[in-house]
file entry02.csv (CSV, C-alpha atoms and all ligand atoms)
chain,number,residue,atom,x,y,z
A,1,MET,CA,127.3,61.2,92.2
A,2,PRO,CA,124.8,63.4,94.1
A,3,MET,CA,124.2,62.1,97.6
A,4,LEU,CA,121.9,62.7,100.4
A,5,ALA,CA,123.0,65.8,102.4
A,6,PRO,CA,123.4,65.6,106.1
A,7,PRO,CA,121.3,68.1,108.1
A,8,GLY,CA,122.6,71.6,107.6
A,9,ARG,CA,122.6,74.7,109.7
A,10,HIS,CA,120.2,76.5,107.4
A,11,ARG,CA,116.7,76.6,109.0
A,12,SER,CA,115.0,75.0,106.0
A,13,ALA,CA,117.3,72.1,106.2
A,14,SER,CA,115.7,71.1,109.4
A,15,LEU,CA,112.5,70.1,107.6
A,16,SER,CA,112.1,66.4,108.2
A,17,ARG,CA,111.5,64.0,105.4
A,18,ARG,CA,108.0,63.7,106.7
A,19,GLY,CA,107.6,67.5,106.5
A,20,VAL,CA,108.9,67.4,102.9
A,21,LEU,CA,106.4,64.7,102.0
A,22,ALA,CA,103.6,66.6,103.6
A,23,LEU,CA,104.4,69.5,101.3
A,24,GLY,CA,104.2,67.2,98.3
A,25,GLY,CA,107.9,66.9,97.9
A,26,ILE,CA,110.3,68.3,95.5
A,27,ALA,CA,112.5,65.9,93.6
A,28,VAL,CA,115.9,67.0,92.5
A,29,ALA,CA,118.0,65.8,89.6
A,30,ALA,CA,121.3,67.5,89.8
A,31,ALA,CA,123.2,66.4,86.9
A,32,ALA,CA,126.8,67.6,86.8
A,33,LEU,CA,128.1,67.9,83.3
A,34,ARG,CA,131.8,67.4,83.2
A,35,HIS,CA,134.0,69.6,81.1
A,36,ASP,CA,137.5,69.0,80.0
A,37,ALA,CA,140.3,71.5,80.1
A,38,HIS,CA,139.0,73.2,77.0
A,39,GLY,CA,135.5,73.6,78.3
A,40,GLN,CA,134.2,70.8,76.1
A,41,ALA,CA,131.5,68.8,77.7
A,42,THR,CA,132.6,65.2,78.1
A,43,GLY,CA,130.7,62.1,79.2
A,44,VAL,CA,127.7,60.3,77.8
A,45,ARG,CA,126.6,61.5,74.4
A,46,THR,CA,124.2,58.8,73.2
A,47,LEU,CA,121.8,60.6,70.9
A,48,ALA,CA,124.0,61.5,68.0
A,49,GLU,CA,125.1,58.0,67.6
A,50,GLY,CA,121.7,56.5,67.0
A,51,LEU,CA,118.3,55.8,68.3
A,52,ARG,CA,118.1,56.0,72.0
A,53,ILE,CA,115.5,53.6,73.5
A,54,ILE,CA,113.6,55.0,76.5
A,55,ARG,CA,111.1,52.9,78.4
A,56,ALA,CA,108.3,54.6,80.3
A,57,ARG,CA,107.8,52.2,83.1
A,58,PRO,CA,107.0,51.8,86.8
A,59,SER,CA,110.0,52.5,89.1
A,60,ASP,CA,111.7,49.5,90.7
A,61,SER,CA,112.5,51.3,93.9
A,62,GLU,CA,109.7,53.8,94.5
A,63,PRO,CA,106.2,52.3,94.9
A,64,GLY,CA,103.7,54.2,92.8
A,65,ALA,CA,106.3,56.1,90.8
A,66,TRP,CA,106.6,55.9,87.1
A,67,GLY,CA,109.7,57.1,85.2
A,68,TYR,CA,111.5,57.3,81.9
A,69,ASP,CA,113.8,54.2,82.1
A,70,GLY,CA,112.0,53.8,85.5
A,71,ALA,CA,113.9,56.7,86.9
A,72,VAL,CA,112.7,60.0,88.5
A,73,PRO,CA,113.6,62.2,86.8
A,74,GLY,CA,114.4,60.4,83.6
A,75,PRO,CA,117.7,60.3,81.8
A,76,LEU,CA,119.3,63.7,81.0
A,77,LEU,CA,119.3,63.9,77.2
A,78,ARG,CA,122.0,66.0,75.5
A,79,VAL,CA,122.6,67.0,71.9
A,80,ARG,CA,124.3,69.9,70.2
A,81,ARG,CA,122.2,72.5,68.5
A,82,GLY,CA,121.2,71.3,65.0
A,83,GLU,CA,121.8,67.7,65.8
A,84,GLU,CA,119.0,65.2,65.4
A,85,ILE,CA,117.4,63.8,68.6
A,86,ALA,CA,116.3,60.2,68.0
A,87,VAL,CA,114.4,58.5,70.8
A,88,ARG,CA,112.2,55.4,70.7
A,89,LEU,CA,109.7,55.6,73.5
A,90,VAL,CA,108.5,52.2,74.6
A,91,ASN,CA,105.4,52.3,76.7
A,92,GLU,CA,105.6,49.8,79.5
A,93,LEU,CA,102.9,51.6,81.5
A,94,PRO,CA,99.4,50.3,82.0
A,95,GLU,CA,97.9,53.2,80.1
A,96,PRO,CA,98.5,55.2,76.9
A,97,THR,CA,101.1,57.9,76.9
A,98,ALA,CA,103.2,60.2,74.5
A,99,VAL,CA,106.2,62.5,74.9
A,100,HIS,CA,106.0,66.2,74.6
A,101,TRP,CA,109.4,68.0,74.1
A,102,HIS,CA,108.6,71.2,76.0
A,103,GLY,CA,109.8,74.3,74.4
A,104,VAL,CA,111.5,72.7,71.4
A,105,ARG,CA,110.4,74.4,68.1
A,106,LEU,CA,110.3,71.0,66.4
A,107,ALA,CA,108.4,69.5,63.5
A,108,ASN,CA,104.7,69.2,64.3
A,109,ALA,CA,104.5,65.4,63.9
A,110,MET,CA,107.0,65.0,66.8
A,111,ASP,CA,105.2,67.3,69.3
A,112,GLY,CA,103.7,64.4,71.3
A,113,VAL,CA,100.0,65.5,71.5
A,114,PRO,CA,97.8,62.4,71.3
A,115,GLY,CA,94.7,63.1,69.2
A,116,LEU,CA,96.2,66.1,67.5
A,117,THR,CA,99.7,65.3,66.3
A,118,GLN,CA,99.9,61.5,66.8
A,119,PRO,CA,97.9,58.6,68.1
A,120,PRO,CA,98.4,57.8,71.8
A,121,ILE,CA,101.1,55.2,72.4
A,122,ALA,CA,99.2,52.2,73.7
A,123,PRO,CA,100.6,50.0,76.5
A,124,GLY,CA,103.1,47.7,74.9
A,125,ALA,CA,103.6,49.9,71.8
A,126,SER,CA,106.3,52.3,70.9
A,127,PHE,CA,106.8,55.5,68.9
A,128,ASP,CA,110.0,56.9,67.3
A,129,TYR,CA,110.7,60.6,67.9
A,130,ARG,CA,113.2,62.1,65.5
A,131,PHE,CA,113.7,65.8,65.2
A,132,ILE,CA,116.3,68.6,65.0
A,133,ALA,CA,116.5,71.0,67.9
A,134,PRO,CA,116.8,74.4,66.3
A,135,ASP,CA,117.6,76.2,69.6
A,136,ALA,CA,120.4,75.7,72.1
A,137,GLY,CA,119.1,75.8,75.7
A,138,THR,CA,117.3,74.1,78.5
A,139,PHE,CA,114.2,72.1,77.7
A,140,TRP,CA,112.3,69.2,79.2
A,141,TYR,CA,110.3,66.2,78.2
A,142,HIS,CA,107.1,64.9,79.8
A,143,PRO,CA,103.8,63.2,79.0
A,144,PRO,CA,100.8,65.2,77.8
A,145,LEU,CA,99.6,67.4,80.7
A,146,ASP,CA,95.8,66.9,80.4
A,147,SER,CA,95.4,66.0,84.1
A,148,GLY,CA,99.0,66.0,85.3
A,149,THR,CA,98.7,62.5,86.8
A,150,GLN,CA,101.5,60.9,84.7
A,151,LEU,CA,103.7,63.9,85.5
A,152,ASP,CA,102.8,63.6,89.2
A,153,ARG,CA,104.0,60.0,89.1
A,154,GLY,CA,107.4,61.1,88.0
A,155,LEU,CA,107.6,61.1,84.2
A,156,ALA,CA,109.8,64.0,83.4
A,157,GLY,CA,113.4,64.6,82.2
A,158,VAL,CA,115.7,67.3,81.1
A,159,LEU,CA,116.6,67.8,77.4
A,160,LEU,CA,119.7,69.9,77.1
A,161,VAL,CA,120.7,71.4,73.8
A,162,GLU,CA,124.3,72.6,73.8
A,163,GLU,CA,125.5,75.7,72.0
A,164,ALA,CA,127.5,75.1,68.9
A,165,VAL,CA,130.5,76.7,70.6
A,166,PRO,CA,130.8,75.8,74.3
A,167,VAL,CA,129.9,78.5,76.7
A,168,ASP,CA,132.6,79.6,79.1
A,169,VAL,CA,131.5,78.3,82.5
A,170,ASP,CA,133.4,76.0,84.9
A,171,ARG,CA,130.4,73.8,85.6
A,172,ASP,CA,127.1,73.1,84.0
A,173,LEU,CA,124.3,71.7,86.3
A,174,ALA,CA,120.7,70.8,85.5
A,175,ILE,CA,118.2,70.8,88.4
A,176,LEU,CA,114.8,69.4,87.7
A,177,LEU,CA,112.3,70.3,90.4
A,178,SER,CA,109.3,68.0,90.5
A,179,ASP,CA,106.6,67.0,92.9
A,180,ARG,CA,107.8,63.5,93.2
A,181,GLN,CA,109.8,63.2,96.3
A,182,LEU,CA,113.0,61.1,95.9
A,183,SER,CA,115.8,62.8,97.7
A,184,GLN,CA,115.6,65.7,100.1
A,185,SER,CA,118.8,67.4,99.0
A,186,VAL,CA,121.9,66.8,96.9
A,187,ASP,CA,125.4,68.1,97.6
A,188,ILE,CA,127.3,69.7,94.8
A,189,ALA,CA,131.1,70.1,95.3
A,190,VAL,CA,132.3,73.4,94.1
A,191,ARG,CA,135.5,75.5,94.1
A,192,SER,CA,135.9,79.1,95.1
A,193,SER,CA,135.4,81.6,92.2
A,194,GLU,CA,133.9,79.0,89.9
A,195,ARG,CA,131.2,80.1,87.5
A,196,LEU,CA,128.3,77.7,87.6
A,197,ARG,CA,125.6,77.5,85.0
A,198,LEU,CA,122.5,76.3,86.8
A,199,ARG,CA,119.6,75.2,84.6
A,200,LEU,CA,116.5,75.2,86.7
A,201,VAL,CA,113.4,73.4,85.5
A,202,ASN,CA,110.0,73.7,87.2
A,203,ALA,CA,108.6,70.2,86.4
A,204,THR,CA,105.7,70.5,88.9
A,205,TYR,CA,102.1,70.6,87.5
A,206,ALA,CA,100.7,73.3,89.7
A,207,ARG,CA,103.3,75.2,91.8
A,208,VAL,CA,105.2,78.4,91.5
A,209,LEU,CA,108.8,77.8,92.7
A,210,ALA,CA,111.0,80.6,93.8
A,211,VAL,CA,114.7,79.6,93.9
A,212,ARG,CA,117.7,81.3,95.4
A,213,ILE,CA,121.2,80.3,96.3
A,214,ALA,CA,122.0,81.6,99.8
A,215,GLY,CA,124.6,84.4,99.9
A,216,HIS,CA,125.1,84.4,96.1
A,217,ALA,CA,124.1,86.8,93.4
A,218,ALA,CA,122.6,85.1,90.3
A,219,THR,CA,122.5,86.4,86.7
A,220,VAL,CA,119.6,85.3,84.6
A,221,MET,CA,121.0,84.2,81.2
A,222,ALA,CA,118.1,82.5,79.6
A,223,ILE,CA,114.4,81.9,80.1
A,224,ASP,CA,112.4,79.0,78.7
A,225,GLY,CA,115.5,77.9,76.8
A,226,GLU,CA,116.0,81.2,75.0
A,227,PRO,CA,118.9,83.6,75.7
A,228,ALA,CA,117.9,86.8,77.5
A,229,GLU,CA,119.8,90.1,77.9
A,230,PRO,CA,121.7,89.1,81.2
A,231,PHE,CA,120.2,90.7,84.3
A,232,ALA,CA,120.7,90.2,88.0
A,233,ALA,CA,118.0,88.3,89.7
A,234,ARG,CA,116.3,90.5,92.2
A,235,ASN,CA,117.5,89.5,95.7
A,236,GLY,CA,119.2,86.6,94.0
A,237,ARG,CA,115.8,85.0,93.6
A,238,VAL,CA,114.0,83.7,90.5
A,239,ALA,CA,110.4,82.5,90.3
A,240,LEU,CA,109.4,79.8,87.9
A,241,GLY,CA,105.8,78.9,87.0
A,242,PRO,CA,105.0,75.3,86.0
A,243,GLY,CA,106.9,74.4,82.9
A,244,ASN,CA,109.3,77.4,83.0
A,245,ARG,CA,113.1,77.1,82.9
A,246,VAL,CA,115.7,79.6,83.9
A,247,ASP,CA,119.4,79.4,83.2
A,248,LEU,CA,121.5,81.2,85.9
A,249,PHE,CA,125.2,82.0,86.1
A,250,VAL,CA,126.4,82.0,89.6
A,251,ASP,CA,130.0,82.9,90.7
A,252,VAL,CA,130.9,80.9,93.8
A,253,THR,CA,132.0,83.1,96.7
A,254,LEU,CA,132.5,80.3,99.2
A,255,ALA,CA,135.8,79.6,101.1
A,256,LEU,CA,137.0,76.2,102.0
A,257,ALA,CA,134.4,74.1,104.0
A,258,GLU,CA,131.7,76.7,103.6
A,259,SER,CA,128.4,75.7,102.0
A,260,ALA,CA,125.4,77.5,100.5
A,261,PRO,CA,122.0,75.9,100.3
A,262,ILE,CA,119.9,76.2,97.1
A,263,VAL,CA,116.5,77.0,98.6
A,264,VAL,CA,113.1,76.6,96.9
A,265,GLU,CA,110.1,78.6,98.3
A,266,THR,CA,106.7,77.2,97.5
A,267,ASP,CA,103.3,77.6,99.2
A,268,GLY,CA,104.9,79.7,101.9
A,269,ARG,CA,107.4,77.0,102.8
A,270,GLU,CA,111.1,76.6,102.2
A,271,LEU,CA,113.0,73.6,101.1
A,272,THR,CA,116.7,73.1,100.6
A,273,VAL,CA,117.0,71.1,97.4
A,274,ALA,CA,120.7,71.1,97.1
A,275,ARG,CA,123.8,72.6,98.7
A,276,LEU,CA,127.0,74.0,97.2
A,277,ILE,CA,129.9,72.8,99.3
A,278,CYS,CA,133.4,74.2,98.8
A,279,GLU,CA,135.7,71.3,99.1
A,280,SER,CA,138.9,72.7,97.7
A,281,ALA,CA,141.1,75.4,99.0
A,282,ALA,CA,142.4,76.2,95.5
A,283,ASP,CA,140.5,78.9,93.7
A,284,ALA,CA,139.2,77.9,90.3
A,285,ARG,CA,140.8,81.2,89.0
A,286,PRO,CA,143.0,83.9,90.3
A,287,GLN,CA,140.4,86.7,90.0
A,288,ARG,CA,136.7,87.1,89.6
A,289,ARG,CA,135.3,86.8,86.2
A,290,ALA,CA,133.9,89.7,84.3
A,291,PRO,CA,130.1,90.0,84.1
A,292,PRO,CA,128.8,87.5,81.5
A,293,GLY,CA,127.8,88.6,78.0
A,294,LEU,CA,124.8,87.4,76.0
A,295,LEU,CA,124.6,83.7,75.2
A,296,PRO,CA,124.9,82.9,71.5
A,297,PRO,CA,121.6,83.8,69.8
A,298,ASN,CA,119.1,81.2,68.6
A,299,PRO,CA,117.4,81.6,65.2
A,300,LEU,CA,114.3,83.3,66.5
A,301,PRO,CA,112.3,85.8,64.4
A,302,ALA,CA,114.1,89.2,64.2
A,303,ARG,CA,110.9,91.1,64.2
A,304,ILE,CA,107.2,90.7,64.8
A,305,ASP,CA,104.9,92.7,62.6
A,306,LEU,CA,102.1,93.5,65.1
A,307,ARG,CA,100.2,95.9,62.7
A,308,ASN,CA,99.4,93.0,60.3
A,309,ALA,CA,99.0,90.4,63.0
A,310,LEU,CA,96.1,88.1,63.3
A,311,LYS,CA,94.4,89.1,66.5
A,312,HIS,CA,92.5,86.7,68.7
A,313,GLU,CA,91.2,86.8,72.2
A,314,VAL,CA,90.4,83.8,74.3
A,315,ALA,CA,88.9,83.2,77.8
A,316,LEU,CA,90.8,80.6,79.7
A,317,SER,CA,88.0,78.6,81.5
A,318,ARG,CA,87.6,75.0,82.1
A,319,THR,CA,87.1,72.9,78.9
A,320,GLN,CA,86.5,69.2,78.3
A,321,GLY,CA,89.0,67.1,76.5
A,322,GLY,CA,89.2,66.4,72.8
A,323,TYR,CA,90.0,68.7,69.9
A,324,GLY,CA,87.3,70.5,68.0
A,325,PRO,CA,87.8,73.1,65.3
A,326,PRO,CA,91.0,75.3,65.7
A,327,LEU,CA,90.9,78.6,67.6
A,328,PHE,CA,92.3,80.1,64.4
A,329,SER,CA,94.1,79.2,61.3
A,330,VAL,CA,97.1,81.4,60.2
A,331,ARG,CA,99.3,81.5,57.1
A,332,ARG,CA,102.9,80.6,57.8
A,333,GLY,CA,105.0,83.6,58.5
A,334,ARG,CA,102.3,85.9,59.8
A,335,ALA,CA,102.4,87.4,63.3
A,336,VAL,CA,99.7,86.4,65.8
A,337,MET,CA,98.6,88.5,68.7
A,338,LEU,CA,96.8,86.4,71.3
A,339,GLY,CA,94.9,87.8,74.2
A,340,LEU,CA,94.6,85.4,77.1
A,341,ALA,CA,92.0,86.2,79.8
A,342,ASN,CA,92.2,84.2,82.9
A,343,ARG,CA,88.6,83.5,84.1
A,344,ALA,CA,89.5,81.5,87.1
A,345,ASP,CA,90.2,82.2,90.8
A,346,ALA,CA,93.7,80.7,90.4
A,347,ALA,CA,96.7,81.6,88.4
A,348,GLN,CA,97.1,79.5,85.3
A,349,ALA,CA,100.2,78.2,83.4
A,350,VAL,CA,99.6,78.8,79.7
A,351,HIS,CA,101.7,76.8,77.2
A,352,VAL,CA,102.0,77.5,73.5
A,353,HIS,CA,103.5,74.6,71.5
A,354,GLY,CA,105.9,74.9,68.6
A,355,HIS,CA,106.7,78.6,69.1
A,356,HIS,CA,108.2,81.0,71.5
A,357,PHE,CA,106.4,84.2,72.1
A,358,ARG,CA,106.8,87.7,73.5
A,359,LEU,CA,104.8,89.0,76.4
A,360,LEU,CA,103.4,92.4,75.5
A,361,ASP,CA,103.4,95.3,77.9
A,362,ARG,CA,100.0,96.1,79.2
A,363,LEU,CA,100.2,99.9,78.7
A,364,ASP,CA,101.9,100.3,75.3
A,365,ASP,CA,102.9,98.1,72.3
A,366,GLY,CA,106.3,97.2,73.6
A,367,TRP,CA,107.2,93.8,74.9
A,368,LYS,CA,109.3,92.2,77.6
A,369,PRO,CA,113.0,91.6,76.7
A,370,PHE,CA,112.8,87.9,76.8
A,371,TRP,CA,111.0,85.0,75.0
A,372,LEU,CA,108.7,82.5,76.7
A,373,ASP,CA,107.0,79.3,75.8
A,374,THR,CA,105.0,79.1,79.1
A,375,LEU,CA,103.3,82.1,80.7
A,376,LEU,CA,102.2,82.3,84.3
A,377,LEU,CA,98.9,84.3,84.2
A,378,PRO,CA,97.5,85.6,87.6
A,379,ALA,CA,93.9,85.0,88.5
A,380,TRP,CA,91.4,87.2,86.7
A,381,GLU,CA,94.1,89.0,84.7
A,382,THR,CA,94.5,89.4,80.9
A,383,ASP,CA,97.8,89.4,79.1
A,384,HIS,CA,98.6,89.6,75.4
A,385,ILE,CA,101.4,87.6,73.7
A,386,ALA,CA,102.8,87.8,70.2
A,387,PHE,CA,104.7,85.4,68.0
A,388,VAL,CA,105.4,84.7,64.4
A,389,ALA,CA,103.5,81.6,63.3
A,390,ASP,CA,106.5,80.2,61.4
A,391,ASN,CA,106.2,76.5,62.2
A,392,PRO,CA,103.6,74.7,60.1
A,393,GLY,CA,101.2,72.3,61.7
A,394,LYS,CA,98.5,71.8,64.4
A,395,TRP,CA,99.7,73.3,67.6
A,396,ARG,CA,98.3,72.9,71.0
A,397,VAL,CA,97.7,75.9,73.3
A,398,HIS,CA,96.5,75.1,76.7
A,399,ALA,CA,96.4,76.2,80.3
A,400,HIS,CA,95.8,74.7,83.7
A,401,GLN,CA,95.1,76.2,87.1
A,402,LEU,CA,97.7,76.2,89.9
A,403,GLY,CA,97.0,74.8,93.3
A,404,GLN,CA,94.6,72.0,94.2
A,405,ASN,CA,91.9,72.8,91.6
A,406,ARG,CA,93.0,71.0,88.5
A,407,GLY,CA,90.8,72.9,86.0
A,408,ALA,CA,92.3,73.0,82.6
A,409,TRP,CA,91.7,74.7,79.3
A,410,SER,CA,92.8,73.3,76.0
A,411,ALA,CA,92.7,74.4,72.3
A,412,TRP,CA,94.8,74.4,69.2
A,413,PHE,CA,95.6,76.6,66.2
A,414,GLU,CA,96.8,75.8,62.8
A,415,VAL,CA,99.7,77.2,60.8
A,416,THR,CA,99.3,76.5,57.1
B,1,CU,CU,101.8,71.9,76.5
call {"tool": "encode", "arguments": {"input": "entry02.csv", "output": "structure tokens"}}
result
Amino acid sequence: MPMLAPPGRHRSASLSRRGVLALGGIAVAAAALRHDAHGQATGVRTLAEGLRIIRARPSDSEPGAWGYDGAVPGPLLRVRRGEEIAVRLVNELPEPTAVHWHGVRLANAMDGVPGLTQPPIAPGASFDYRFIAPDAGTFWYHPPLDSGTQLDRGLAGVLLVEEAVPVDVDRDLAILLSDRQLSQSVDIAVRSSERLRLRLVNATYARVLAVRIAGHAATVMAIDGEPAEPFAARNGRVALGPGNRVDLFVDVTLALAESAPIVVETDGRELTVARLICESAADARPQRRAPPGLLPPNPLPARIDLRNALKHEVALSRTQGGYGPPLFSVRRGRAVMLGLANRADAAQAVHVHGHHFRLLDRLDDGWKPFWLDTLLLPAWETDHIAFVADNPGKWRVHAHQLGQNRGAWSAWFEVT
């Protein structure tokens, strides 16, 4: 079990609890996934065996906090790729809610957008979510992000979809970073030379989080749940916008009794959210591992036909709630090229539902070598994204400003 860390030597560890609260706080869920001798994940696998009931309800221990099953973050949900996820969400909150499965390219009726894909789940009511996760990777679940207030209270959890064939790592850890302060830091016991898979989730509403593991190199293996051509994180540091996920491989270089803080920088401050502590003299393996290869591919479109794409430009400025006519309607299978112009003084996090997209280069018609479902768009800049509209239904596309100003833009498009 994770436990509260004693004060460490690292300077950011000297932040008092009050200092952390003043910053807004970062809650950490470090969920260690055990593996047996063959690398098979063991432990709780509740989903495949039937409907999992999750209650959205106030926390018993933290005044003002709401959580899935009352916990912040909520239960870590795991399935294997291609397996059905079956969750009954019971609303024990004093207001309506729904669950959005962020980044999962699922059936539209399960997307959790009240007023577009389902009616809101009223207090006392429930809704059954059943869908197949087509992609292996790191995802998360949360309420609709119209104002962010339910997310701020703590409603967020990790959904982990395992690869069909287990990936060769010694330890698999999910770290959900949210604004809800629960614990200052968790200790993670490691062995020398172990390869860790760290699944980082930015579950804040409006912060960029830059994460690094002191003294360690990190290899980026996946972004927003989708495998990327592995690359070394610059200075061992990765930055995540709200909603983004990054899967890192980290080879532990600690000797017995040494430790390495996992540090999050946000708003010019530094927080230690966890520490790797080497508690065993025995190396996990006699020599260092070879650099990792590509994670197994997910069934994403092999090509995007930009020449025949439907092209649409939108300005991201504040809008009122509700869903009017769609931004555009596109025939299933056609490519979409969407221009996103940030007309605000703050960066915005733009989220496209039901699809992963490519970020197009600004100067030519190439694209970045990774997929995204959430784009961090700087103030007053314009980016273009492209995707194949291969998932039928009514899909939300929306943005909200970072920082204190909670301006938000929301729209939808239809794939017929
Ligand atoms: Cu969204």
call {"tool": "closest_residue", "arguments": {"input": "entry02.csv", "among": "A:Val415, A:Leu177, A:Ala379, A:Ala65", "to": "Gly403 of chain A", "atoms": "all atoms listed in the file"}}
result
A:Ala379
call {"tool": "atom_distance", "arguments": {"input": "entry02.csv", "atom1": "atom CA of Leu294 of chain A", "atom2": "atom CA of Phe231 of chain A"}}
result
10.0 Å
call {"tool": "residues_near_ligand", "arguments": {"input": "entry02.csv", "ligand": "ligand CU 1 (chain B)", "cutoff": "12 Å", "atoms": "all atoms listed in the file", "output": "VMD selection string"}}
result
chain A and resid 98 to 104 111 to 114 140 to 148 205 242 to 244 349 to 355 373 to 375 395 to 400 408 to 412
call {"tool": "write_last_selection", "arguments": {"input": "entry02.csv", "atoms": "C-alpha atoms", "output": "PDB file, in the coordinates of the input"}}
result
ATOM      1  CA  ALA A  98     103.200  60.200  74.500  1.00  0.00           C
ATOM      2  CA  VAL A  99     106.200  62.500  74.900  1.00  0.00           C
ATOM      3  CA  HIS A 100     106.000  66.200  74.600  1.00  0.00           C
ATOM      4  CA  TRP A 101     109.400  68.000  74.100  1.00  0.00           C
ATOM      5  CA  HIS A 102     108.600  71.200  76.000  1.00  0.00           C
ATOM      6  CA  GLY A 103     109.800  74.300  74.400  1.00  0.00           C
ATOM      7  CA  VAL A 104     111.500  72.700  71.400  1.00  0.00           C
ATOM      8  CA  ASP A 111     105.200  67.300  69.300  1.00  0.00           C
ATOM      9  CA  GLY A 112     103.700  64.400  71.300  1.00  0.00           C
ATOM     10  CA  VAL A 113     100.000  65.500  71.500  1.00  0.00           C
ATOM     11  CA  PRO A 114      97.800  62.400  71.300  1.00  0.00           C
ATOM     12  CA  TRP A 140     112.300  69.200  79.200  1.00  0.00           C
ATOM     13  CA  TYR A 141     110.300  66.200  78.200  1.00  0.00           C
ATOM     14  CA  HIS A 142     107.100  64.900  79.800  1.00  0.00           C
ATOM     15  CA  PRO A 143     103.800  63.200  79.000  1.00  0.00           C
ATOM     16  CA  PRO A 144     100.800  65.200  77.800  1.00  0.00           C
ATOM     17  CA  LEU A 145      99.600  67.400  80.700  1.00  0.00           C
ATOM     18  CA  ASP A 146      95.800  66.900  80.400  1.00  0.00           C
ATOM     19  CA  SER A 147      95.400  66.000  84.100  1.00  0.00           C
ATOM     20  CA  GLY A 148      99.000  66.000  85.300  1.00  0.00           C
ATOM     21  CA  TYR A 205     102.100  70.600  87.500  1.00  0.00           C
ATOM     22  CA  PRO A 242     105.000  75.300  86.000  1.00  0.00           C
ATOM     23  CA  GLY A 243     106.900  74.400  82.900  1.00  0.00           C
ATOM     24  CA  ASN A 244     109.300  77.400  83.000  1.00  0.00           C
ATOM     25  CA  ALA A 349     100.200  78.200  83.400  1.00  0.00           C
ATOM     26  CA  VAL A 350      99.600  78.800  79.700  1.00  0.00           C
ATOM     27  CA  HIS A 351     101.700  76.800  77.200  1.00  0.00           C
ATOM     28  CA  VAL A 352     102.000  77.500  73.500  1.00  0.00           C
ATOM     29  CA  HIS A 353     103.500  74.600  71.500  1.00  0.00           C
ATOM     30  CA  GLY A 354     105.900  74.900  68.600  1.00  0.00           C
ATOM     31  CA  HIS A 355     106.700  78.600  69.100  1.00  0.00           C
ATOM     32  CA  ASP A 373     107.000  79.300  75.800  1.00  0.00           C
ATOM     33  CA  THR A 374     105.000  79.100  79.100  1.00  0.00           C
ATOM     34  CA  LEU A 375     103.300  82.100  80.700  1.00  0.00           C
ATOM     35  CA  TRP A 395      99.700  73.300  67.600  1.00  0.00           C
ATOM     36  CA  ARG A 396      98.300  72.900  71.000  1.00  0.00           C
ATOM     37  CA  VAL A 397      97.700  75.900  73.300  1.00  0.00           C
ATOM     38  CA  HIS A 398      96.500  75.100  76.700  1.00  0.00           C
ATOM     39  CA  ALA A 399      96.400  76.200  80.300  1.00  0.00           C
ATOM     40  CA  HIS A 400      95.800  74.700  83.700  1.00  0.00           C
ATOM     41  CA  ALA A 408      92.300  73.000  82.600  1.00  0.00           C
ATOM     42  CA  TRP A 409      91.700  74.700  79.300  1.00  0.00           C
ATOM     43  CA  SER A 410      92.800  73.300  76.000  1.00  0.00           C
ATOM     44  CA  ALA A 411      92.700  74.400  72.300  1.00  0.00           C
ATOM     45  CA  TRP A 412      94.800  74.400  69.200  1.00  0.00           C
TER      46      TRP A 412
END
call {"tool": "atom_distance", "arguments": {"input": "entry02.csv", "atom1": "atom CA of Val220 of chain A", "atom2": "atom CA of Gly241 of chain A"}}
result
15.4 Å
call {"tool": "closest_residue", "arguments": {"input": "entry02.csv", "among": "A:Ala302, A:Ala386, A:Leu310, A:Ile53", "to": "Leu340 of chain A", "atoms": "all atoms listed in the file"}}
result
A:Ala386
call {"tool": "residues_around", "arguments": {"input": "entry02.csv", "residues": "Met337 of chain A", "least_positions_apart": "2", "cutoff": "8 Å", "atoms": "all atoms listed in the file", "output": "PyMOL selection string"}}
result
chain A and resi 306+309-312+335+339+384-387
call {"tool": "closest_residue", "arguments": {"input": "entry02.csv", "among": "A:Ile304, A:Pro378, A:Ala281, A:Gly215", "to": "Leu316 of chain A", "atoms": "all atoms listed in the file"}}
result
A:Pro378
call {"tool": "closest_residue", "arguments": {"input": "entry02.csv", "among": "A:Leu276, A:Leu338, A:Ala203, A:Leu372", "to": "Gln150 of chain A", "atoms": "all atoms listed in the file"}}
result
A:Ala203
call {"tool": "atom_distance", "arguments": {"input": "entry02.csv", "atom1": "atom CA of Glu258 of chain A", "atom2": "atom CA of Ile277 of chain A"}}
result
6.1 Å
call {"tool": "residues_around", "arguments": {"input": "entry02.csv", "residues": "Thr97 of chain A", "least_positions_apart": "5", "cutoff": "12 Å", "atoms": "only C-alpha atoms", "output": "number ranges by chain"}}
result
A: 55-57, 66-68, 89-92, 112-115, 118-127, 142-146, 148-151, 155
call {"tool": "residues_around", "arguments": {"input": "entry02.csv", "residues": "Trp380 of chain A", "least_positions_apart": "6", "cutoff": "9 Å", "atoms": "all atoms listed in the file", "output": "list in words"}}
result
Ala341, Asn342, Arg343, Ala344, Asp345, Ala346 and Ala347 of chain A
call {"tool": "decode", "arguments": {"input": "entry02.csv", "residues": "segment 254-265 of chain A", "atoms": "C-alpha atoms", "output": "compact mmCIF listing (two decimals), in the first residue's frame"}}
result
# COMPACT_ATOMS: atom_id res chain seq x y z
CA LEU A 254 19.25 3.46 -7.67
CA ALA A 255 21.47 1.55 -5.24
CA LEU A 256 20.24 0.18 -1.94
CA ALA A 257 18.65 2.84 0.32
CA GLU A 258 18.78 5.51 -2.37
CA SER A 259 15.63 7.27 -3.43
CA ALA A 260 14.46 9.41 -6.31
CA PRO A 261 11.56 11.85 -6.06
CA ILE A 262 8.95 12.09 -8.79
CA VAL A 263 8.55 15.84 -9.13
CA VAL A 264 5.68 17.78 -10.65
CA GLU A 265 6.23 21.37 -11.71
